[in-house]
Amino acid sequence: MTGKEHGTRNSREALQQALARTLGSLPARTLWLDLDSRRRFRGTLLALTAGELVAVEADDGGGVDIRRLSRSDIVELAGRDRAGLGTLEARSRDRLLGRWHYTVAVARDVGRFVEDFRRHGPEGEGAAPGMPGEEGGEPEDLVPVEKPRVGVLFRLLPFARPHLASLALGVLLTLASTGIGLVPPLLTWPLVDEVLTPYQEQTRGIREDASKSPEEVRQSLETLRESGTSTFGRVPWLLAGMLGAAVAAWLLSWAQGWVLASLSERVSAGLRNRTYAHLQTLSIDYFTARRTGDLVSRISSDTDRICYFLSDTLTDFTTDLLMLVGSAGMLFYMDPVLAAATLGTLPMVFLTTWATRKRLSEGFLRSSRTWAEMTAMLADTIPGIKVVKAFAQERREVRRFEEANARIVATNNQVNRLWTFLWPTVGMVNQLGVVVAWAFGAWRVWDQQITVGVLTAFLAYIARFYSRIEAMTRMGGSTQRAAASAQRIFEVLDRTPGVPDPPRPVAVSSIRGEVELDRVGFRYGSRRVLEDVTLRIRPGEMVGIVGPTGAGKTTLLDLICRFRDPTEGTIRVDGIDLRSMTVLDYRRHIGIVLQEPFLFYGTIADNIAYGRPEATRDEIVAAARAARAHDFILQLPEGYDSIVGERGQTLSGGERQRISIARAILIDPRILVLDEATSSVDTRTEMEIQEALDHLVQGRTTIAIAHRLSTLRKADRLVVLEGGRVVEEGTHEALLAGGGLYKTLWEAQVHQEEQRRKA
């Protein structure tokens, strides 16, 4: 155990003892935060009691500071994170009650604590017992989530705005198909009362006439059928009406389904486009704090679930709702008393659905996130399969996958227990409504308040009514899943870009390449990375950034490239504040060669032309020649049309780096950023890459980091960083003569190279 860990343990125990003395005992629900209110690693202890939220932390005098907040005053308790630093805030309706800080190391614990606070009311009571899916409590390893609301689905409406014509047509077709669907039961009324019942009474009278012989009865029945006094001749017309209405309803439903399915696909495509486009505007910090698989799941699986909801569930819901309204109208039209008695069971359906709605929505959001966890695991292990096999960790990865899969099963089982309780309950209540309709309807017929035809039509409508109720209840699962998916999508869309464009940007068509840093500072969470960095780089000058590991070199390049904005000070290019330009205008003048070059799946030509897709083949070849890549490209089976594997894995590190250099050469940048471009290759490949870089830096402002200091000897100036500050500045020779940190680093590398040669 390290000294820091020992100190942390002692601090936590001291705060627990102080809390126990204050409250009489240690509460069951506590949370340890690894930062205090001044963002120091001294820690804060939070506790939930029946009526309070208590915060305990050490003060500067060696004692403890205890704050007690009434839970009835806290309207919202929420945790938020940015760049590795989390903030937990307790708010009332009009003010901030408390704010505490933590690192991402305890973010999961914070989520559980917030979930506990939300699940238990101000009096400390738990959820109501007896509901399926709640026994045994929540599995310990499930991810805490915010409660999704079905209302989030209304935020999809703006995505349908460009397709109003299709939406209007779909609504008209829905109204028409629903209206025609109400016709067949209505035709049973005259069929029974005006055709079948009178005919039955006429034939019964003939058969019961005792004065007629059997032969006379037969002749009388034949005469009745052939005479115009029989109403039986209307049967074919009424049946034809029913058949025609059914066929028309089918055609209209088909057209409605096609129109609305096409509309939902376009809305979902727009949602995917918008989400992906918004992701491109977010800063590097956002992506470093999230797993790739989770983001992929949001754009693919979640949007597909929303598409299914729009094309099937929402369409069926709208149709069913219109059919409910129409059927209810017909029921009250035929017999208001019977309708009121029959629909008396509806409140039971609504109460059952309402009681389970919140737990279902929470469960479906948990399900989405556990699925995203598994997708993220696949996104990690499949590209890294070589590392998995190299360290013989196949069984471990299989166990991790099985555990993630088990979390999915546990989450879905909670939902399924509740879901399988809900819809059979609704079905039972619906059957009870049908029995009530029969019982009350039979009494109304016996009391001669309605006819048999009315009861027959009434039962046909009531059957449709309750079948639609049951169908709508079953839609609840799809609706809650769609709401959970929509919430995950809008979590991305609601994220504000960390590097925003200004409202009135300065137009920049070309730049000279002068870069000036004025008292620049940067914090990553609670850690200060850069402090008071002042530096001016002249147009066309090559400046090397050197220093020990953790000095802030890469962060400085990130700020110059505007992957992040400084938390203090200003960066100017040609005298213009970077934050006054649009990111697109600025970055089109920057070329970047990274330590680990990233190549996309595709041809070599496409990868070289990534920054200029319109480049001709001659321009691509010229860039490859300048990068010393042309010769090895011609040795590939398809030359420039050869497919590189995912992330360029079919090429060596040096080959990938030279293609990356060619990509930078092709866009002809005014500012060139080299982030340890030769650190991961052998000496011979380094020489070839260095030749390419020598060609690339000509006439450009160049800022370079290099692991091997010898590669920066040609730089016009070297800037030495230590602890986020500039400690030395000058040429290679001047810094060696100065005897400072640079000389120490240089001599250490020279000694290391000598030891390597001797070995």
# chains A, B, ... in the order shown; residues from 1 in each chain; ligands from 1
call {"tool": "select_by_dssp", "arguments": {"residues": "range 443-535 of chain A", "states": "helix (DSSP H, G or I)", "output": "PyMOL selection string"}}
result
chain A and resi 443-446+452-493
call {"tool": "write_last_selection", "arguments": {"atoms": "C-alpha atoms", "output": "PDB file, in the first residue's frame"}}
result
ATOM      1  CA  TRP A 443     -80.667  -7.474 -19.234  1.00  0.00           C
ATOM      2  CA  ARG A 444     -81.294  -4.495 -21.536  1.00  0.00           C
ATOM      3  CA  VAL A 445     -82.690  -6.829 -24.232  1.00  0.00           C
ATOM      4  CA  TRP A 446     -84.867  -8.631 -21.653  1.00  0.00           C
ATOM      5  CA  VAL A 452     -80.791  -7.992 -30.409  1.00  0.00           C
ATOM      6  CA  GLY A 453     -79.309  -6.200 -33.432  1.00  0.00           C
ATOM      7  CA  VAL A 454     -78.113  -3.340 -31.256  1.00  0.00           C
ATOM      8  CA  LEU A 455     -76.557  -5.798 -28.809  1.00  0.00           C
ATOM      9  CA  THR A 456     -74.857  -7.678 -31.649  1.00  0.00           C
ATOM     10  CA  ALA A 457     -73.361  -4.510 -33.123  1.00  0.00           C
ATOM     11  CA  PHE A 458     -72.503  -3.315 -29.634  1.00  0.00           C
ATOM     12  CA  LEU A 459     -70.587  -6.510 -28.860  1.00  0.00           C
ATOM     13  CA  ALA A 460     -68.722  -6.239 -32.168  1.00  0.00           C
ATOM     14  CA  TYR A 461     -67.624  -2.711 -31.289  1.00  0.00           C
ATOM     15  CA  ILE A 462     -66.767  -3.596 -27.700  1.00  0.00           C
ATOM     16  CA  ALA A 463     -64.612  -6.500 -28.917  1.00  0.00           C
ATOM     17  CA  ARG A 464     -62.726  -4.108 -31.172  1.00  0.00           C
ATOM     18  CA  PHE A 465     -62.465  -1.560 -28.392  1.00  0.00           C
ATOM     19  CA  TYR A 466     -60.907  -3.932 -25.869  1.00  0.00           C
ATOM     20  CA  SER A 467     -58.656  -5.604 -28.430  1.00  0.00           C
ATOM     21  CA  ARG A 468     -57.260  -2.163 -29.247  1.00  0.00           C
ATOM     22  CA  ILE A 469     -56.792  -1.437 -25.549  1.00  0.00           C
ATOM     23  CA  GLU A 470     -54.814  -4.651 -25.152  1.00  0.00           C
ATOM     24  CA  ALA A 471     -52.767  -3.910 -28.269  1.00  0.00           C
ATOM     25  CA  MET A 472     -51.981  -0.424 -26.994  1.00  0.00           C
ATOM     26  CA  THR A 473     -50.861  -1.875 -23.683  1.00  0.00           C
ATOM     27  CA  ARG A 474     -48.471  -4.210 -25.478  1.00  0.00           C
ATOM     28  CA  MET A 475     -47.085  -1.180 -27.292  1.00  0.00           C
ATOM     29  CA  GLY A 476     -45.922   0.194 -23.965  1.00  0.00           C
ATOM     30  CA  GLY A 477     -42.757  -1.891 -24.152  1.00  0.00           C
ATOM     31  CA  SER A 478     -41.808  -0.556 -27.580  1.00  0.00           C
ATOM     32  CA  THR A 479     -42.678   2.972 -26.513  1.00  0.00           C
ATOM     33  CA  GLN A 480     -40.533   2.809 -23.385  1.00  0.00           C
ATOM     34  CA  ARG A 481     -37.645   1.266 -25.336  1.00  0.00           C
ATOM     35  CA  ALA A 482     -37.925   4.035 -27.924  1.00  0.00           C
ATOM     36  CA  ALA A 483     -38.028   6.660 -25.155  1.00  0.00           C
ATOM     37  CA  ALA A 484     -34.885   5.179 -23.607  1.00  0.00           C
ATOM     38  CA  SER A 485     -33.161   5.181 -26.997  1.00  0.00           C
ATOM     39  CA  ALA A 486     -34.291   8.737 -27.736  1.00  0.00           C
ATOM     40  CA  GLN A 487     -32.913   9.865 -24.386  1.00  0.00           C
ATOM     41  CA  ARG A 488     -29.537   8.312 -25.214  1.00  0.00           C
ATOM     42  CA  ILE A 489     -29.536  10.047 -28.601  1.00  0.00           C
ATOM     43  CA  PHE A 490     -30.446  13.432 -27.134  1.00  0.00           C
ATOM     44  CA  GLU A 491     -27.758  13.014 -24.468  1.00  0.00           C
ATOM     45  CA  VAL A 492     -25.353  13.348 -27.409  1.00  0.00           C
ATOM     46  CA  LEU A 493     -27.266  16.111 -29.190  1.00  0.00           C
TER      47      LEU A 493
END
call {"tool": "residues_around", "arguments": {"residues": "Ser660 in chain A", "least_positions_apart": "6", "cutoff": "8 Å", "atoms": "only C-alpha atoms", "output": "list in words"}}
result
Val593, Pro597, Phe598, Leu599 and Ile608 of chain A
call {"tool": "residues_around", "arguments": {"residues": "Gly738 in chain A", "least_positions_apart": "6", "cutoff": "12 Å", "atoms": "only C-alpha atoms", "output": "PyMOL selection string"}}
result
chain A and resi 727-732+744
call {"tool": "residues_around", "arguments": {"residues": "range 248-252 of chain A", "least_positions_apart": "4", "cutoff": "9 Å", "atoms": "only C-alpha atoms", "output": "list in words"}}
result
Leu173, Thr174, Ala176, Ser177, Thr178, Gly179, Ile180, Gly181, Leu243, Gly244, Gln256 and Gly257 of chain A
call {"tool": "write_last_selection", "arguments": {"atoms": "N, CA and C atoms", "output": "PDB file, in the first residue's frame"}}
result
ATOM      1  N   LEU A 173     -54.718   9.115 -44.617  1.00  0.00           N
ATOM      2  CA  LEU A 173     -54.947   7.687 -44.863  1.00  0.00           C
ATOM      3  C   LEU A 173     -55.331   6.970 -43.573  1.00  0.00           C
ATOM      4  N   THR A 174     -54.741   7.382 -42.452  1.00  0.00           N
ATOM      5  CA  THR A 174     -55.087   6.773 -41.166  1.00  0.00           C
ATOM      6  C   THR A 174     -56.536   7.059 -40.800  1.00  0.00           C
ATOM      7  N   ALA A 176     -58.967   7.811 -42.873  1.00  0.00           N
ATOM      8  CA  ALA A 176     -59.866   7.127 -43.811  1.00  0.00           C
ATOM      9  C   ALA A 176     -59.969   5.642 -43.495  1.00  0.00           C
ATOM     10  N   SER A 177     -58.828   4.987 -43.263  1.00  0.00           N
ATOM     11  CA  SER A 177     -58.867   3.544 -42.984  1.00  0.00           C
ATOM     12  C   SER A 177     -59.591   3.255 -41.674  1.00  0.00           C
ATOM     13  N   THR A 178     -59.399   4.129 -40.675  1.00  0.00           N
ATOM     14  CA  THR A 178     -60.089   3.925 -39.393  1.00  0.00           C
ATOM     15  C   THR A 178     -61.591   4.119 -39.557  1.00  0.00           C
ATOM     16  N   GLY A 179     -61.996   5.166 -40.294  1.00  0.00           N
ATOM     17  CA  GLY A 179     -63.425   5.414 -40.501  1.00  0.00           C
ATOM     18  C   GLY A 179     -64.109   4.275 -41.226  1.00  0.00           C
ATOM     19  N   ILE A 180     -63.475   3.772 -42.285  1.00  0.00           N
ATOM     20  CA  ILE A 180     -64.077   2.652 -43.031  1.00  0.00           C
ATOM     21  C   ILE A 180     -64.066   1.387 -42.186  1.00  0.00           C
ATOM     22  N   GLY A 181     -63.064   1.249 -41.304  1.00  0.00           N
ATOM     23  CA  GLY A 181     -63.028   0.071 -40.439  1.00  0.00           C
ATOM     24  C   GLY A 181     -64.178   0.011 -39.455  1.00  0.00           C
ATOM     25  N   LEU A 243     -67.886  -6.598 -47.005  1.00  0.00           N
ATOM     26  CA  LEU A 243     -66.691  -7.022 -47.734  1.00  0.00           C
ATOM     27  C   LEU A 243     -65.996  -5.831 -48.385  1.00  0.00           C
ATOM     28  N   GLY A 244     -66.798  -4.949 -48.974  1.00  0.00           N
ATOM     29  CA  GLY A 244     -66.209  -3.772 -49.613  1.00  0.00           C
ATOM     30  C   GLY A 244     -65.491  -2.882 -48.613  1.00  0.00           C
ATOM     31  N   GLN A 256     -51.280   3.527 -46.043  1.00  0.00           N
ATOM     32  CA  GLN A 256     -50.857   4.259 -44.840  1.00  0.00           C
ATOM     33  C   GLN A 256     -49.559   3.693 -44.288  1.00  0.00           C
ATOM     34  N   GLY A 257     -49.472   2.367 -44.199  1.00  0.00           N
ATOM     35  CA  GLY A 257     -48.262   1.740 -43.679  1.00  0.00           C
ATOM     36  C   GLY A 257     -47.041   2.061 -44.527  1.00  0.00           C
TER      37      GLY A 257
END
call {"tool": "residues_around", "arguments": {"residues": "range 67-77 of chain A", "least_positions_apart": "4", "cutoff": "10 Å", "atoms": "only C-alpha atoms", "output": "PyMOL selection string"}}
result
chain A and resi 46-57+88-99+113-115+117-118+121-124
call {"tool": "write_last_selection", "arguments": {"atoms": "C-alpha atoms", "output": "compact mmCIF listing (two decimals), in the first residue's frame"}}
result
# COMPACT_ATOMS: atom_id res chain seq x y z
CA LEU A 46 -21.65 11.89 2.00
CA ALA A 47 -24.44 10.01 3.74
CA LEU A 48 -28.18 9.58 3.23
CA THR A 49 -30.38 9.30 6.30
CA ALA A 50 -34.17 9.16 6.55
CA GLY A 51 -34.48 12.93 6.27
CA GLU A 52 -31.04 14.39 5.56
CA LEU A 53 -28.09 14.49 3.20
CA VAL A 54 -24.96 14.88 5.35
CA ALA A 55 -21.53 15.94 4.01
CA VAL A 56 -18.35 15.54 6.08
CA GLU A 57 -14.85 16.70 5.12
CA LEU A 88 -22.17 16.47 -7.65
CA GLU A 89 -24.70 19.20 -7.01
CA ALA A 90 -27.72 19.41 -4.71
CA ARG A 91 -30.25 22.05 -5.73
CA SER A 92 -33.50 23.41 -4.39
CA ARG A 93 -36.07 25.03 -6.63
CA ASP A 94 -34.23 28.35 -6.73
CA ARG A 95 -30.64 27.91 -5.53
CA LEU A 96 -27.59 25.69 -5.17
CA LEU A 97 -27.51 23.92 -1.80
CA GLY A 98 -24.22 22.06 -2.08
CA ARG A 99 -21.47 21.16 -4.53
CA PHE A 113 -25.71 7.11 -4.71
CA VAL A 114 -27.80 9.45 -6.89
CA GLU A 115 -30.00 6.51 -7.88
CA PHE A 117 -31.53 9.22 -3.51
CA ARG A 118 -34.06 9.20 -6.35
CA GLY A 121 -38.46 9.39 -0.98
CA PRO A 122 -37.70 12.14 1.52
CA GLU A 123 -38.91 9.92 4.32
CA GLY A 124 -36.52 7.16 3.29
call {"tool": "select_by_dssp", "arguments": {"residues": "range 408-646 of chain A", "states": "strand (DSSP E)", "output": "ChimeraX atom specification"}}
result
/A:515-524,527-537,542-546,568-573,576-577,590-593,602-603,643-644
call {"tool": "residues_around", "arguments": {"residues": "range 573-583 of chain A", "least_positions_apart": "3", "cutoff": "10 Å", "atoms": "only C-alpha atoms", "output": "PyMOL selection string"}}
result
chain A and resi 281+499-508+510-517+536-539+559-563+565-566+570+586-588+671
call {"tool": "closest_residue", "arguments": {"among": "A:Gly521, A:Gly550, A:Pro336, A:Pro236", "to": "Glu568 in chain A", "atoms": "only C-alpha atoms"}}
result
A:Gly521
call {"tool": "closest_residue", "arguments": {"among": "A:Ala240, A:Val325, A:Ala107, A:Leu535", "to": "Trp32 in chain A", "atoms": "only C-alpha atoms"}}
result
A:Ala107
call {"tool": "atom_distance", "arguments": {"atom1": "CA of Asp109 in chain A", "atom2": "CA of Arg407 in chain A"}}
result
17.4 Å
call {"tool": "closest_residue", "arguments": {"among": "A:Ser642, A:Phe154, A:Thr702, A:Asp606", "to": "Arg663 in chain A", "atoms": "only C-alpha atoms"}}
result
A:Asp606
call {"tool": "atom_distance", "arguments": {"atom1": "CA of Ile284 in chain A", "atom2": "CA of Ala715 in chain A"}}
result
28.6 Å
call {"tool": "atom_distance", "arguments": {"atom1": "CA of Ala379 in chain A", "atom2": "CA of Thr292 in chain A"}}
result
6.6 Å
